[in-house]
Amino acid sequence: VRRRRWPSFREVRLRRAAELLRTTTLSIDEVARAVGYDSRSQFSRAFQRLLREAPGRYRQV
């Protein structure tokens, strides 16, 4: 029996950030703040760790 892994709070925030990057014209700083990050660099590192792509590059794709 496989248990379903529930997403962490961080993962939920970063998936929301990905949605905002895809669907809005908010800057990366604004997206970072909207999902609870005070630092753009911390946000960018966390985003890249989870989604394997930098936020700016993610938006371009």
# chains A, B, ... in the order shown; residues from 1 in each chain; ligands from 1
call {"tool": "residues_around", "arguments": {"residues": "Phe9 of chain A", "least_positions_apart": "6", "cutoff": "12 Å", "atoms": "only C-alpha atoms", "output": "MDAnalysis selection string"}}
result
chainID A and resid 15:16 35:36
call {"tool": "residues_around", "arguments": {"residues": "segment 46-50 of chain A", "least_positions_apart": "5", "cutoff": "9 Å", "atoms": "only C-alpha atoms", "output": "list in words"}}
result
Arg10, Glu11, Leu14, Arg15, Ala17, Ala18, Ser41 and Pro55 of chain A
call {"tool": "residues_around", "arguments": {"residues": "Val31 of chain A", "least_positions_apart": "5", "cutoff": "8 Å", "atoms": "only C-alpha atoms", "output": "VMD selection string"}}
result
chain A and resid 17 20 to 21 26
call {"tool": "select_by_dssp", "arguments": {"residues": "chain A", "states": "alpha helix (DSSP H)", "output": "NGL selection string"}}
result
:A and (9-23 or 28-34 or 40-51 or 55-60)
call {"tool": "write_last_selection", "arguments": {"atoms": "N, CA and C atoms", "output": "tab-separated table (two decimals), in the first residue's frame"}}
result
chain	number	residue	atom	x	y	z
A	9	PHE	N	4.02	22.95	3.32
A	9	PHE	CA	3.55	24.33	3.20
A	9	PHE	C	4.41	25.08	2.19
A	10	ARG	N	5.72	24.85	2.23
A	10	ARG	CA	6.64	25.50	1.29
A	10	ARG	C	6.28	25.12	-0.15
A	11	GLU	N	6.01	23.85	-0.37
A	11	GLU	CA	5.66	23.40	-1.72
A	11	GLU	C	4.36	24.05	-2.20
A	12	VAL	N	3.39	24.15	-1.33
A	12	VAL	CA	2.12	24.80	-1.69
A	12	VAL	C	2.37	26.25	-2.07
A	13	ARG	N	3.19	26.95	-1.28
A	13	ARG	CA	3.50	28.35	-1.57
A	13	ARG	C	4.21	28.49	-2.92
A	14	LEU	N	5.16	27.60	-3.18
A	14	LEU	CA	5.92	27.71	-4.42
A	14	LEU	C	5.08	27.33	-5.64
A	15	ARG	N	4.16	26.39	-5.48
A	15	ARG	CA	3.26	26.06	-6.60
A	15	ARG	C	2.32	27.24	-6.88
A	16	ARG	N	1.92	27.93	-5.83
A	16	ARG	CA	1.10	29.15	-6.01
A	16	ARG	C	1.93	30.21	-6.73
A	17	ALA	N	3.19	30.34	-6.36
A	17	ALA	CA	4.08	31.30	-7.03
A	17	ALA	C	4.19	30.97	-8.51
A	18	ALA	N	4.33	29.69	-8.84
A	18	ALA	CA	4.42	29.27	-10.24
A	18	ALA	C	3.15	29.68	-10.99
A	19	GLU	N	2.01	29.51	-10.35
A	19	GLU	CA	0.75	29.90	-10.97
A	19	GLU	C	0.72	31.42	-11.21
A	20	LEU	N	1.17	32.18	-10.23
A	20	LEU	CA	1.19	33.64	-10.38
A	20	LEU	C	2.15	34.06	-11.50
A	21	LEU	N	3.27	33.39	-11.61
A	21	LEU	CA	4.22	33.71	-12.68
A	21	LEU	C	3.61	33.43	-14.05
A	22	ARG	N	2.83	32.37	-14.14
A	22	ARG	CA	2.21	31.99	-15.42
A	22	ARG	C	1.04	32.89	-15.79
A	23	THR	N	0.31	33.38	-14.80
A	23	THR	CA	-0.98	34.00	-15.09
A	23	THR	C	-1.07	35.50	-14.80
A	28	ILE	N	8.84	39.41	-10.15
A	28	ILE	CA	9.28	38.28	-9.32
A	28	ILE	C	9.31	38.70	-7.86
A	29	ASP	N	9.73	39.93	-7.57
A	29	ASP	CA	9.71	40.42	-6.18
A	29	ASP	C	8.28	40.43	-5.63
A	30	GLU	N	7.33	40.87	-6.44
A	30	GLU	CA	5.93	40.90	-5.99
A	30	GLU	C	5.38	39.50	-5.77
A	31	VAL	N	5.73	38.58	-6.64
A	31	VAL	CA	5.30	37.19	-6.47
A	31	VAL	C	5.91	36.62	-5.19
A	32	ALA	N	7.19	36.87	-4.98
A	32	ALA	CA	7.86	36.37	-3.77
A	32	ALA	C	7.14	36.87	-2.52
A	33	ARG	N	6.84	38.16	-2.49
A	33	ARG	CA	6.14	38.72	-1.32
A	33	ARG	C	4.72	38.17	-1.20
A	34	ALA	N	4.05	37.96	-2.32
A	34	ALA	CA	2.68	37.46	-2.31
A	34	ALA	C	2.58	36.06	-1.70
A	40	ARG	N	14.00	38.03	-2.17
A	40	ARG	CA	13.91	37.48	-3.53
A	40	ARG	C	14.90	36.34	-3.71
A	41	SER	N	16.09	36.47	-3.13
A	41	SER	CA	17.09	35.41	-3.31
A	41	SER	C	16.66	34.11	-2.63
A	42	GLN	N	16.07	34.20	-1.45
A	42	GLN	CA	15.57	32.98	-0.78
A	42	GLN	C	14.45	32.35	-1.60
A	43	PHE	N	13.57	33.20	-2.11
A	43	PHE	CA	12.47	32.72	-2.95
A	43	PHE	C	13.02	32.02	-4.20
A	44	SER	N	13.95	32.66	-4.87
A	44	SER	CA	14.51	32.11	-6.11
A	44	SER	C	15.19	30.77	-5.87
A	45	ARG	N	15.95	30.66	-4.77
A	45	ARG	CA	16.62	29.39	-4.45
A	45	ARG	C	15.60	28.29	-4.18
A	46	ALA	N	14.58	28.60	-3.39
A	46	ALA	CA	13.56	27.61	-3.06
A	46	ALA	C	12.78	27.20	-4.31
A	47	PHE	N	12.44	28.17	-5.14
A	47	PHE	CA	11.69	27.91	-6.37
A	47	PHE	C	12.50	26.99	-7.28
A	48	GLN	N	13.77	27.31	-7.43
A	48	GLN	CA	14.62	26.51	-8.32
A	48	GLN	C	14.83	25.10	-7.78
A	49	ARG	N	14.93	24.97	-6.47
A	49	ARG	CA	15.08	23.63	-5.87
A	49	ARG	C	13.86	22.76	-6.16
A	50	LEU	N	12.67	23.34	-6.05
A	50	LEU	CA	11.44	22.56	-6.24
A	50	LEU	C	11.12	22.33	-7.72
A	51	LEU	N	11.20	23.38	-8.51
A	51	LEU	CA	10.74	23.30	-9.90
A	51	LEU	C	11.87	23.14	-10.91
A	55	PRO	N	12.84	31.33	-11.42
A	55	PRO	CA	11.53	31.95	-11.65
A	55	PRO	C	11.43	32.72	-12.96
A	56	GLY	N	12.45	33.49	-13.30
A	56	GLY	CA	12.41	34.26	-14.55
A	56	GLY	C	12.36	33.37	-15.77
A	57	ARG	N	13.12	32.32	-15.76
A	57	ARG	CA	13.14	31.37	-16.88
A	57	ARG	C	11.80	30.63	-16.95
A	58	TYR	N	11.26	30.27	-15.78
A	58	TYR	CA	9.96	29.58	-15.73
A	58	TYR	C	8.89	30.42	-16.41
A	59	ARG	N	8.92	31.71	-16.15
A	59	ARG	CA	7.92	32.60	-16.74
A	59	ARG	C	8.05	32.67	-18.26
A	60	GLN	N	9.25	32.58	-18.78
A	60	GLN	CA	9.48	32.69	-20.23
A	60	GLN	C	8.99	31.47	-20.99
